[in-house]
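J.: My structure is below; once you've seen it, I'll send some questions.
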Amino acid sequence: MLISLEDNKKSQGRKFSGSLEKFREALDVIDGKNLKFLSSKETGFIIYPPLSKEIDLDDKDVVFDVDYSDKENPKFSTGNIMGFMSLMNDVRINITSRFDSGDKNYFLHYMLQKICNVAYTPRTHSGEDSFFDFLYYLFPAYLSVAMKQGVYRAYVTREYNDANVRGPIDVARHIRCNMPFNGKIAYHTREYTTNNFVTQLVRHTIEYIRSLSFGDSVLNGSLIPGTSDNVRLIEHATSSYNRNARQQIISKNLRPITHPYYTAYEPLRKLCLAILMHKKLSYGENATNQINGILFDGASLWEEYLNRVLKKGLKVDLKHPNNRTHEGAQYLFKNDGDQNRRWIFPDFMVGCDKAKGQVDSAKAIIDAKYKPLDGGIGRDDSFQMLAYLFRFKSKQGFLIHPVKNGEGIQEPKTLTLYNDDSVKLTIVPFVVPDANGNFKDFRENMEKAEEKINDDLSKAMD
C-alpha cells in the first residue's frame with residue numbers, strides 16, 4: 001500500500017485496505033516521531049542532515065501525525081520533513097514537497113543539487129526510486145565528511161603462505177598446501193589496514209555510481225572540495241577490490257560502525273548500503289539490517305540552499321551561524337552563568353563588524369523559514385526577529401519563505417515597529433516556479449527566482 005502526502009499539510013485523508021490494527025502497527029514506527037528521535041535509534045533510515053547533533057528541530061515538528069477518529073479514512077498531518085518510508089505490513093509512504101506537482105520532485109531535486117554542487121537532469125517519477133535517486137547527490141558530501149577523519153582503518157585477518165612467518169601457523173592449511181615441504185609456511189595474521197570491509201563498501205559504491213549514465217557528474221563534476229582526491233584515496237586503499245564480491249561486502253557491513261574515532265563513517269555506511277540495496281527495501285525483524293527509507297529536514301535544506309544563493313548573489317559580507325553544528329554561536333547576554341542555554345543562531349547576518357567571535361552589530365538580519373506564512377508572520381517568529389534586531393543593533397530584518405507560483409502573497413511586505421519607523425521587518429516571498437515542464441525549464445526559472453530574491457534584498461538594504 002502506497003500513501004502519498006505533501007509536506008506542511010494538515011488533515012490529509014487517506015483510505016486504506018485491510019486490518020486497521022496492522023495498518024496502525026506499521027505507522028506507529030513513525031507516527032509522532034521527529035528526526036531527533038529517529039536519528040538516535042537504529043531505525044534503518046537515512047536522515048539528512050546525517051548526524052544527530054546536526055538536527056535542530058522542535059520536538060513538535062514530527063514526520064507526521066495520524067488522526068484515527070475516522071477509522072475508514074485516517075487523516076495525516078505533516079511538517080517540514082520530506083522523504084520515503086517502507087514500513088512493515090507492506091506500507092509505503094511518500095512525503096513530497098508542496099511546491100512540486102504530479103510525480104515530479106523538481107524542487108527537492110534542485111535544492112539538493114545546489115547544496116551538493118552537482119548538476120544533471122534527474123530521473124523524476126513516482127514511487128520509491130524518485131527519492132532514492134537523491135542518494136547519489138549526497139554521496140560526495142558524506143564521503144568528504146568521513147574522509148576528514150582519514151581513511152578508515154580496521155584490524156583484518158589475512159592468510160599467507162610464504163617463508164616470512166608473522167603469525168600463528170595454520171597446521172591443516174600448511175599440510176594441505178605445502179606437503180611435501182616446499183619452503184613455505186601457511187599462517188595468518190591480524191593487520192591494521194585501510195583495505196577492510198568498510199573501505200571496500202565505499203569502493204563498491206563508487207564503482208556502482210560510476211557505472212550509471214550520470215556517474216561522472218557525481219564523482220567528477222561535484223564541486224564538493226576534494227571529491228576526486230577522496231575517490232582516488234579509496235581506490236588506492238582497496239587494492240583487492242573484486243566486483244563479484246559485492247554481496248559478501250554488503251553482508252559484512254550490516255552492523256553499525258561503533259568505532260569511537262571514525263564516527264562519520266556510520267552515516268556513510270548507511271548511505272552506501274542504501275545506494276547498493278535500495279531495490280531491496282523492507283522492514284525486517286532486525287531494523288539494524290534494513291534500509292527502510294530516506295528522510296529530509298526541509299527547514300535545513302531551505303536554509304542551506306539560501307546560504308548558497310545569497311552568498312553568490314548578494315555583494316555584501318554575509319555570516320551564516322549554524323544552529324545544527326553550533327558553529328558561529330552568538331550569546332544573548334553578557335556575564336551569563338548559563339549562556340550555553342541562551343545561544344542564538346540568526347540564519348544570516350549582513351554587514352557585521354569585524355569581530356571574529358561575538359558580533360556586536362550587523363546591518364541586517366535574514367531568517368529562512370520553510371513553513372507556510374500565508375496567514376502572516378507568527379507571534380514567536382516576530383519575537384525572535386525582534387530579539388535578533390535588538391541584540392545586533394540592526395534596523396532591518398528579512399524573513400524569506402517559499403511560496404508556490406500564483407498562490408499567496410507574491411511580493412515583499414514591510415512591517416515597521418509601532419513606535420519607531422526606522423526599524424523594519426520585511427517578509428520576502430521566494431516564488432517557486434511551476435514544475436509542470438521539464439527539469440531544464442524548472443532550473444532556468446529557479447535561477448531567475450534567485451536573481452529576483454537577491455535584487456529585492458539588495459534594493460531594500462540600499
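As shown in the C-alpha cells, the chain order sets the letters A, B, ...; within each chain, residues go from 1, and ligands are also counted from 1 in the order they appear.
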Give me the residues within 12 Å of Lys356 in chain A as an MDAnalysis selection string, counting only C-alpha atoms and dropping any in the same chain fewer than 3 places off.
T.: chainID A and resid 319 328:330 352:353 359:360
J.: Neighbouring residues of Val202 in chain A were defined as those with any atom within 8 Å, considering only C-alpha atoms; residues of the same chain fewer than 2 positions away were excluded. Please report them as a PyMOL selection string.
T.: chain A and resi 198-200+204-206+234+269+272
J.: Could you take the residues named above and write them with C-alpha atoms, as an mmCIF file, in the first residue's frame?
T.:
```cif
data_model
loop_
_atom_site.group_PDB
_atom_site.id
_atom_site.type_symbol
_atom_site.label_atom_id
_atom_site.label_comp_id
_atom_site.auth_asym_id
_atom_site.auth_seq_id
_atom_site.Cartn_x
_atom_site.Cartn_y
_atom_site.Cartn_z
ATOM 1 C CA VAL A 198 34.254 -0.546 5.264
ATOM 2 C CA THR A 199 36.537 0.960 2.619
ATOM 3 C CA GLN A 200 35.596 -1.920 0.311
ATOM 4 C CA HIS A 204 31.823 -0.772 -4.417
ATOM 5 C CA THR A 205 29.552 2.269 -4.100
ATOM 6 C CA ILE A 206 31.960 4.377 -6.145
ATOM 7 C CA ILE A 234 39.667 4.969 -1.563
ATOM 8 C CA ARG A 269 27.935 3.212 5.687
ATOM 9 C CA CYS A 272 26.392 3.210 0.737
#
```
J.: Write out as an MDAnalysis selection string each polymer residue whose atoms come within 9 Å of range 76-82 of chain A, counting only C-alpha atoms; drop sequence neighbours fewer than 3 positions from it.
T.: chainID A and resid 5:14 34:35 61:67 94:97 108 294:299 370:371
J.: Which neighbours of Arg391 in chain A fall inside 9 Å, counting only C-alpha atoms, when residues of the same chain fewer than 3 positions from it are skipped, and could you give them as a PyMOL selection string?
T.: chain A and resi 332-333+360-361+386-388+394
J.: Please measure the separation of CA of Leu417 in chain A and CA of Asn322 in chain A, giving the value in Å to one decimal.
T.: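 Computed distance, CA of Leu417 in chain A to CA of Asn322 in chain A, equals 27.7 Å.
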J.: With only C-alpha atoms as the counted atoms, please give the residues lying no more than 8 Å from Tyr137 in chain A, apart from itself and same-chain residues fewer than 5 positions off, as number ranges by chain.
T.: A: 112-113, 116, 118, 218
J.: Name the closest residue to Cys177 in chain A among the candidates A:Asn253, A:Asn105, A:Asn161, A:Gln410; distances are taken between atoms, counting only C-alpha atoms.
T.: A:Asn161
J.: Just asking: which residues within range 187-377 of chain A are strand (DSSP E or B) according to DSSP, as a PyMOL selection string?
T.: chain A and resi 187-193+293-297+318-319+322+327+330-331+343-344+348-350+364-368
J.: Just write the chosen residues, N, CA, C and O atoms, as a compact mmCIF listing (two decimals), in the first residue's frame.
T.:
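The resulting file, part.txt, is shown below:
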```
# COMPACT_ATOMS: atom_id res chain seq x y z
N TYR A 187 50.17 -19.47 7.36
CA TYR A 187 49.89 -18.82 8.63
C TYR A 187 48.89 -17.68 8.40
O TYR A 187 48.55 -17.34 7.27
N HIS A 188 48.41 -17.14 9.48
CA HIS A 188 47.52 -15.99 9.37
C HIS A 188 47.97 -14.92 10.35
O HIS A 188 48.68 -15.20 11.33
N THR A 189 47.55 -13.67 10.11
CA THR A 189 47.96 -12.56 10.96
C THR A 189 46.88 -11.49 10.97
O THR A 189 46.05 -11.42 10.04
N ARG A 190 46.87 -10.69 12.01
CA ARG A 190 45.93 -9.57 12.11
C ARG A 190 46.66 -8.29 11.72
O ARG A 190 47.71 -7.95 12.28
N GLU A 191 46.11 -7.59 10.74
CA GLU A 191 46.75 -6.37 10.25
C GLU A 191 45.81 -5.18 10.41
O GLU A 191 44.60 -5.29 10.17
N TYR A 192 46.38 -4.06 10.83
CA TYR A 192 45.63 -2.80 10.95
C TYR A 192 45.78 -2.07 9.62
O TYR A 192 46.83 -1.47 9.35
N THR A 193 44.76 -2.11 8.79
CA THR A 193 44.91 -1.70 7.40
C THR A 193 43.73 -0.87 6.91
O THR A 193 42.63 -0.93 7.48
N GLY A 293 14.24 3.67 4.38
CA GLY A 293 13.79 4.89 3.74
C GLY A 293 14.79 6.01 3.89
O GLY A 293 15.88 5.85 4.44
N ILE A 294 14.41 7.17 3.39
CA ILE A 294 15.26 8.36 3.45
C ILE A 294 14.39 9.54 3.83
O ILE A 294 13.27 9.71 3.32
N LEU A 295 14.87 10.35 4.78
CA LEU A 295 14.11 11.48 5.29
C LEU A 295 14.95 12.75 5.19
O LEU A 295 16.15 12.73 5.50
N PHE A 296 14.32 13.84 4.77
CA PHE A 296 14.99 15.12 4.63
C PHE A 296 14.33 16.15 5.52
O PHE A 296 13.10 16.25 5.56
N ASP A 297 15.14 16.92 6.23
CA ASP A 297 14.66 18.05 7.01
C ASP A 297 14.52 19.24 6.06
O ASP A 297 15.51 19.85 5.67
N LEU A 318 28.49 38.40 4.48
CA LEU A 318 27.38 37.58 4.97
C LEU A 318 27.92 36.50 5.90
O LEU A 318 28.75 35.69 5.51
N LYS A 319 27.44 36.51 7.14
CA LYS A 319 27.82 35.47 8.10
C LYS A 319 26.63 34.52 8.28
O LYS A 319 25.48 34.95 8.35
N ASN A 322 25.56 28.38 12.30
CA ASN A 322 24.91 27.09 12.03
C ASN A 322 24.37 26.52 13.34
O ASN A 322 25.13 26.08 14.19
N GLU A 327 28.26 26.11 15.14
CA GLU A 327 29.33 26.97 14.66
C GLU A 327 28.82 28.41 14.57
O GLU A 327 27.73 28.66 14.06
N GLN A 330 26.15 32.84 18.83
CA GLN A 330 26.17 34.17 19.41
C GLN A 330 25.45 34.13 20.76
O GLN A 330 24.51 33.36 20.95
N TYR A 331 25.91 34.97 21.68
CA TYR A 331 25.33 34.99 23.01
C TYR A 331 24.34 36.14 23.15
O TYR A 331 24.55 37.23 22.62
N TRP A 343 22.19 30.41 23.76
CA TRP A 343 22.81 30.64 22.46
C TRP A 343 21.73 31.11 21.49
O TRP A 343 20.56 30.69 21.55
N ILE A 344 22.10 31.94 20.56
CA ILE A 344 21.20 32.31 19.46
C ILE A 344 21.94 32.12 18.14
O ILE A 344 23.17 32.28 18.07
N PHE A 348 21.28 34.40 9.00
CA PHE A 348 22.25 35.19 8.24
C PHE A 348 22.37 36.58 8.86
O PHE A 348 21.36 37.20 9.23
N MET A 349 23.61 37.06 8.95
CA MET A 349 23.88 38.42 9.43
C MET A 349 24.64 39.17 8.33
O MET A 349 25.67 38.70 7.86
N VAL A 350 24.11 40.31 7.95
CA VAL A 350 24.66 41.10 6.84
C VAL A 350 25.42 42.30 7.38
O VAL A 350 24.95 42.99 8.29
N ALA A 364 21.88 44.08 8.86
CA ALA A 364 20.57 43.45 8.68
C ALA A 364 20.64 41.99 9.13
O ALA A 364 21.71 41.38 9.13
N ILE A 365 19.49 41.45 9.49
CA ILE A 365 19.35 40.05 9.88
C ILE A 365 18.39 39.38 8.90
O ILE A 365 17.31 39.92 8.60
N ILE A 366 18.77 38.21 8.40
CA ILE A 366 17.92 37.46 7.47
C ILE A 366 17.59 36.11 8.10
O ILE A 366 18.48 35.40 8.57
N ASP A 367 16.33 35.75 8.10
CA ASP A 367 15.89 34.47 8.65
C ASP A 367 15.21 33.65 7.56
O ASP A 367 14.42 34.20 6.77
N ALA A 368 15.52 32.37 7.49
CA ALA A 368 14.94 31.46 6.49
C ALA A 368 13.83 30.66 7.14
O ALA A 368 14.03 30.01 8.17
```
J.: Apply DSSP to the structure's backbone, then extract all residues of range 78-260 of chain A labelled alpha helix (DSSP H) and return them as an MDAnalysis selection string.
T.: chainID A and resid 106:116 129:132 134:147 171:178 197:210 215:219 227:237 246:252
J.: Would you mind reading off the distance between CA of Val145 in chain A and CA of Tyr106 in chain A, one decimal, in Å?
T.: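 Separation of CA of Val145 in chain A and CA of Tyr106 in chain A: 26.2 Å.
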J.: Find the residue from A:Ile250, A:Leu20, A:Met385, A:Ile47 that sits nearest to Phe134 in chain A; use only C-alpha atoms when measuring.
T.: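 Closest to Phe134 in chain A, using only C-alpha atoms: A:Ile47.
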J.: Excluding Leu373 in chain A and any residue of its chain fewer than 2 positions from it, enumerate the residues within 10 Å of it, using only C-alpha atoms, and give them as a list in words.
T.: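 Contacts, in chain order: Lys369, Tyr370, Lys371, Gly375, Gly376, Ile377, Gly378, Ile400, His401, Pro402, Val403, Gly408, Ile409, Ile427 and Pro429 of chain A.
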J.: So that I can see what lies close to Lys312 in chain A, please list as a list in words the residues with an atom at most 12 Å from it, counting only C-alpha atoms and leaving out residues fewer than 5 positions away in the same chain.
T.: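 Selected residues are Lys114, Tyr305, Leu306, Asn307, Asp317, Leu318, Glu447, Glu450, Glu451, Ile453 and Asn454 of chain A.
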J.: Save the residues we just selected, C-alpha atoms, as a short mmCIF file (atom, residue, chain, number, x, y, z; two decimals), in the first residue's frame?
T.:
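This is the output file selection.cif:
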```cif
data_model
loop_
_atom_site.label_atom_id
_atom_site.label_comp_id
_atom_site.auth_asym_id
_atom_site.auth_seq_id
_atom_site.Cartn_x
_atom_site.Cartn_y
_atom_site.Cartn_z
CA LYS A 114 22.50 23.26 -5.33
CA TYR A 305 20.02 26.37 -0.15
CA LEU A 306 19.52 30.06 0.67
CA ASN A 307 23.08 30.15 2.02
CA ASP A 317 29.59 40.47 3.85
CA LEU A 318 27.38 37.58 4.97
CA GLU A 447 17.74 30.76 -11.41
CA GLU A 450 17.16 33.52 -7.28
CA GLU A 451 18.13 36.67 -9.16
CA ILE A 453 15.28 37.48 -4.43
CA ASN A 454 18.80 38.91 -4.43
#
```
J.: Could you check which of A:Tyr265, A:Pro180, A:Asp216, A:Asn244 is closest to Arg153 in chain A, using only C-alpha atoms?
T.: A:Tyr265
J.: Have a look at A:Asn73, A:Asn292, A:Ser251, A:Thr325 and name the one nearest to Leu87 in chain A; count only C-alpha atoms.
T.: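 Ranking A:Asn73, A:Asn292, A:Ser251, A:Thr325 by distance to Leu87 in chain A, first place goes to A:Asn292.
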